[in-house]
Amino acid sequence: MRSAIFGGTFDPIHNAHLVVARKAGAELRLDQILVVPAAHPPHKAGVTHVPYHHRVRMAELACEGEPRLVVSRLEEGTARSYSIDTIERVQSGMAPTDELFFIIGADAFAEIRTWRRWQDVARAVCFIVVNRPGHHYAAPPGVRIERLDSVDLPISSSDIRRALAAGRHPTEVPERVLEYILANHLYGTGVTA
C-alpha cells in the first residue's frame, strides 16, 4: 500500500489542493491520500479563520467522489498539529511493506529544519514537494523527495478569503464548498458561525 499524508489548514480547501492530490496520486501511483486538516498548526501560530469542524466538512465536500482521497480527523483534539505525531499515528496502522509519503509545498519544505523532530519526519516519509511560484528549496542530506514540478497553480487560501469577504464567489473553490461557506456565513460572507 502506498499512502500519502496531505496536511494543511485547508482554510478553505480549494481546487489547487485537489489538483495537487490528484497529480501526486497519479504520478506516484498512490493507493490513498489522507487529507488531514490541521487542528492547531504550529507554523501559523495556531491561527485559522474558521473552526476545525468547518474546515473538515469543507474538505469532505471537496473530496466526495474521489475514492483515493480520504479526509482524516487524525489531528482532532490535539493541542498542536505536529507532523511527526500525525505520521506516527498513520504508521501505527501500516504494514511493514507499506510506503508513506508526505505531500508538501515548496515553501513549507524550505523550512523543514524548523519542524519538531524534523529528522524523524524525514526518516519516516518520502516527501512529495509541490512547486510553489517564487519558492526555492534544497533537500537536506539524506532526505528523500519526489518533485511535483509540473503543478504550478498560484492560488492561495488568503486570496480566496479576501474575495469572499468582498462578496465575490471565487471559481477556485469547489461548488459544494462554496455553497457550504455561504450557507454557514464563513470568511466574512455574513455572520460568522
# chains A, B, ... in the order shown; residues from 1 in each chain; ligands from 1

call {"tool": "residues_around", "arguments": {"residues": "Asp85 in chain A", "least_positions_apart": "3", "cutoff": "10 Å", "atoms": "only C-alpha atoms", "output": "list in words"}}
result
Leu74, Glu75, Thr78, Arg80, Ser81, Tyr82, Glu88, Arg89, Val90, Gln91, Arg116, Arg117 and Val121 of chain A

call {"tool": "residues_around", "arguments": {"residues": "Ile128 in chain A", "least_positions_apart": "6", "cutoff": "6 Å", "atoms": "only C-alpha atoms", "output": "list in words"}}
result
Phe102, Ile103, Ile145, Glu146 and Arg147 of chain A

call {"tool": "write_last_selection", "arguments": {"atoms": "N, CA, C and O atoms", "output": "mmCIF file, in the first residue's frame"}}
result
data_model
loop_
_atom_site.group_PDB
_atom_site.id
_atom_site.type_symbol
_atom_site.label_atom_id
_atom_site.label_comp_id
_atom_site.auth_asym_id
_atom_site.auth_seq_id
_atom_site.Cartn_x
_atom_site.Cartn_y
_atom_site.Cartn_z
ATOM 1 N N PHE A 102 4.606 12.156 2.014
ATOM 2 C CA PHE A 102 4.106 13.360 2.681
ATOM 3 C C PHE A 102 4.099 14.477 1.648
ATOM 4 O O PHE A 102 5.149 14.904 1.171
ATOM 5 N N ILE A 103 2.910 14.925 1.276
ATOM 6 C CA ILE A 103 2.776 15.979 0.265
ATOM 7 C C ILE A 103 2.963 17.330 0.951
ATOM 8 O O ILE A 103 2.317 17.622 1.954
ATOM 9 N N ILE A 145 13.031 12.813 -1.540
ATOM 10 C CA ILE A 145 11.981 13.647 -2.119
ATOM 11 C C ILE A 145 11.626 13.185 -3.527
ATOM 12 O O ILE A 145 12.443 12.603 -4.229
ATOM 13 N N GLU A 146 10.396 13.421 -3.877
ATOM 14 C CA GLU A 146 9.908 13.323 -5.251
ATOM 15 C C GLU A 146 9.392 14.717 -5.572
ATOM 16 O O GLU A 146 8.662 15.308 -4.786
ATOM 17 N N ARG A 147 9.785 15.248 -6.705
ATOM 18 C CA ARG A 147 9.363 16.600 -7.077
ATOM 19 C C ARG A 147 8.085 16.538 -7.912
ATOM 20 O O ARG A 147 7.982 15.727 -8.816
#

call {"tool": "residues_around", "arguments": {"residues": "range 130-141 of chain A", "least_positions_apart": "6", "cutoff": "7 Å", "atoms": "only C-alpha atoms", "output": "list in words"}}
result
Ile104, Gly105, Ala106, Asp107, Ala110, Arg147, Leu148, Asp149, Val151, Asp152 and Pro154 of chain A

call {"tool": "select_by_dssp", "arguments": {"residues": "range 29-188 of chain A", "states": "strand (DSSP E)", "output": "PDB file with C-alpha atoms, in the first residue's frame"}}
result
ATOM      1  CA  GLN A  32      -4.736   6.588  -0.866  1.00  0.00           C
ATOM      2  CA  ILE A  33      -4.132  10.177   0.138  1.00  0.00           C
ATOM      3  CA  LEU A  34      -5.098  11.139   3.667  1.00  0.00           C
ATOM      4  CA  VAL A  35      -6.317  14.729   3.601  1.00  0.00           C
ATOM      5  CA  VAL A  36      -5.592  15.894   7.144  1.00  0.00           C
ATOM      6  CA  PRO A  37      -6.891  19.318   8.199  1.00  0.00           C
ATOM      7  CA  LEU A  69      -8.835  10.977  -1.221  1.00  0.00           C
ATOM      8  CA  VAL A  70      -9.747  10.168   2.382  1.00  0.00           C
ATOM      9  CA  VAL A  71     -10.422  13.026   4.788  1.00  0.00           C
ATOM     10  CA  GLU A  99       5.195   3.101   1.909  1.00  0.00           C
ATOM     11  CA  LEU A 100       4.364   6.508   3.358  1.00  0.00           C
ATOM     12  CA  PHE A 101       4.686   9.807   1.504  1.00  0.00           C
ATOM     13  CA  PHE A 102       4.106  13.360   2.681  1.00  0.00           C
ATOM     14  CA  ILE A 103       2.776  15.979   0.265  1.00  0.00           C
ATOM     15  CA  ILE A 104       4.181  19.419   1.000  1.00  0.00           C
ATOM     16  CA  GLY A 105       4.524  22.765  -0.741  1.00  0.00           C
ATOM     17  CA  CYS A 126       9.363  10.363   1.301  1.00  0.00           C
ATOM     18  CA  PHE A 127       8.372  13.972   0.646  1.00  0.00           C
ATOM     19  CA  ILE A 128       6.379  14.887  -2.443  1.00  0.00           C
ATOM     20  CA  VAL A 129       7.428  18.511  -2.857  1.00  0.00           C
ATOM     21  CA  VAL A 130       4.994  20.652  -4.840  1.00  0.00           C
ATOM     22  CA  ILE A 145      11.981  13.647  -2.119  1.00  0.00           C
ATOM     23  CA  GLU A 146       9.908  13.323  -5.251  1.00  0.00           C
ATOM     24  CA  ARG A 147       9.363  16.600  -7.077  1.00  0.00           C
ATOM     25  CA  LEU A 148       5.939  17.559  -8.377  1.00  0.00           C
TER      26      LEU A 148
END

call {"tool": "residues_around", "arguments": {"residues": "Thr189 in chain A", "least_positions_apart": "2", "cutoff": "10 Å", "atoms": "only C-alpha atoms", "output": "JSON list (two decimals) with C-alpha atoms, in the first residue's frame"}}
result
[["chain", "number", "residue", "atom", "x", "y", "z"],
["A", 161, "ARG", "CA", -10.76, 34.58, 1.86],
["A", 163, "ALA", "CA", -12.52, 37.60, -2.33],
["A", 164, "LEU", "CA", -15.24, 36.02, -0.19],
["A", 165, "ALA", "CA", -15.13, 38.89, 2.32],
["A", 166, "ALA", "CA", -15.52, 41.31, -0.62],
["A", 167, "GLY", "CA", -18.70, 39.50, -1.70],
["A", 168, "ARG", "CA", -17.18, 37.65, -4.67],
["A", 169, "HIS", "CA", -17.62, 33.93, -5.35],
["A", 181, "ILE", "CA", -19.24, 28.66, 3.01],
["A", 182, "LEU", "CA", -22.22, 30.81, 2.01],
["A", 183, "ALA", "CA", -24.75, 28.73, 3.94],
["A", 184, "ASN", "CA", -22.64, 28.99, 7.11],
["A", 185, "HIS", "CA", -21.62, 32.63, 6.62],
["A", 186, "LEU", "CA", -17.88, 31.86, 6.73],
["A", 187, "TYR", "CA", -15.00, 34.18, 5.79],
["A", 191, "VAL", "CA", -22.35, 36.47, 10.49],
["A", 192, "THR", "CA", -19.54, 34.03, 11.37]]

call {"tool": "closest_residue", "arguments": {"among": "A:His14, A:His49, A:Arg22, A:Arg29", "to": "Glu66 in chain A", "atoms": "only C-alpha atoms"}}
result
A:Arg22

call {"tool": "select_by_dssp", "arguments": {"residues": "range 49-111 of chain A", "states": "alpha helix (DSSP H)", "output": "number ranges by chain"}}
result
A: 52-63, 83-91, 106-109

call {"tool": "write_last_selection", "arguments": {"atoms": "C-alpha atoms", "output": "PDB file, in the first residue's frame"}}
result
ATOM      1  CA  TYR A  52     -11.806  22.970  12.747  1.00  0.00           C
ATOM      2  CA  HIS A  53     -15.190  21.282  12.204  1.00  0.00           C
ATOM      3  CA  HIS A  54     -15.972  23.634   9.293  1.00  0.00           C
ATOM      4  CA  ARG A  55     -12.585  23.010   7.654  1.00  0.00           C
ATOM      5  CA  VAL A  56     -13.057  19.242   7.968  1.00  0.00           C
ATOM      6  CA  ARG A  57     -16.554  19.432   6.472  1.00  0.00           C
ATOM      7  CA  MET A  58     -15.330  21.551   3.547  1.00  0.00           C
ATOM      8  CA  ALA A  59     -12.576  19.004   2.897  1.00  0.00           C
ATOM      9  CA  GLU A  60     -15.157  16.195   2.961  1.00  0.00           C
ATOM     10  CA  LEU A  61     -17.337  18.034   0.443  1.00  0.00           C
ATOM     11  CA  ALA A  62     -14.349  18.748  -1.823  1.00  0.00           C
ATOM     12  CA  CYS A  63     -13.192  15.111  -1.756  1.00  0.00           C
ATOM     13  CA  SER A  83       3.618  16.356  11.584  1.00  0.00           C
ATOM     14  CA  ILE A  84       5.660  13.748  13.441  1.00  0.00           C
ATOM     15  CA  ASP A  85       2.694  12.931  15.692  1.00  0.00           C
ATOM     16  CA  THR A  86       0.383  12.537  12.693  1.00  0.00           C
ATOM     17  CA  ILE A  87       2.960  10.400  10.864  1.00  0.00           C
ATOM     18  CA  GLU A  88       3.382   8.106  13.879  1.00  0.00           C
ATOM     19  CA  ARG A  89      -0.397   7.689  14.172  1.00  0.00           C
ATOM     20  CA  VAL A  90      -0.612   6.726  10.493  1.00  0.00           C
ATOM     21  CA  GLN A  91       2.383   4.369  10.753  1.00  0.00           C
ATOM     22  CA  ALA A 106       7.999  24.004  -1.590  1.00  0.00           C
ATOM     23  CA  ASP A 107       7.504  26.986   0.738  1.00  0.00           C
ATOM     24  CA  ALA A 108       6.871  24.729   3.759  1.00  0.00           C
ATOM     25  CA  PHE A 109       9.576  22.240   2.726  1.00  0.00           C
TER      26      PHE A 109
END

call {"tool": "atom_distance", "arguments": {"atom1": "CA of Val173 in chain A", "atom2": "CA of Asn15 in chain A"}}
result
5.8 Å

call {"tool": "closest_residue", "arguments": {"among": "A:Leu18, A:Pro51, A:Ser92, A:Thr114", "to": "Arg68 in chain A", "atoms": "only C-alpha atoms"}}
result
A:Leu18

call {"tool": "atom_distance", "arguments": {"atom1": "CA of Val143 in chain A", "atom2": "CA of Ala4 in chain A"}}
result
16.1 Å
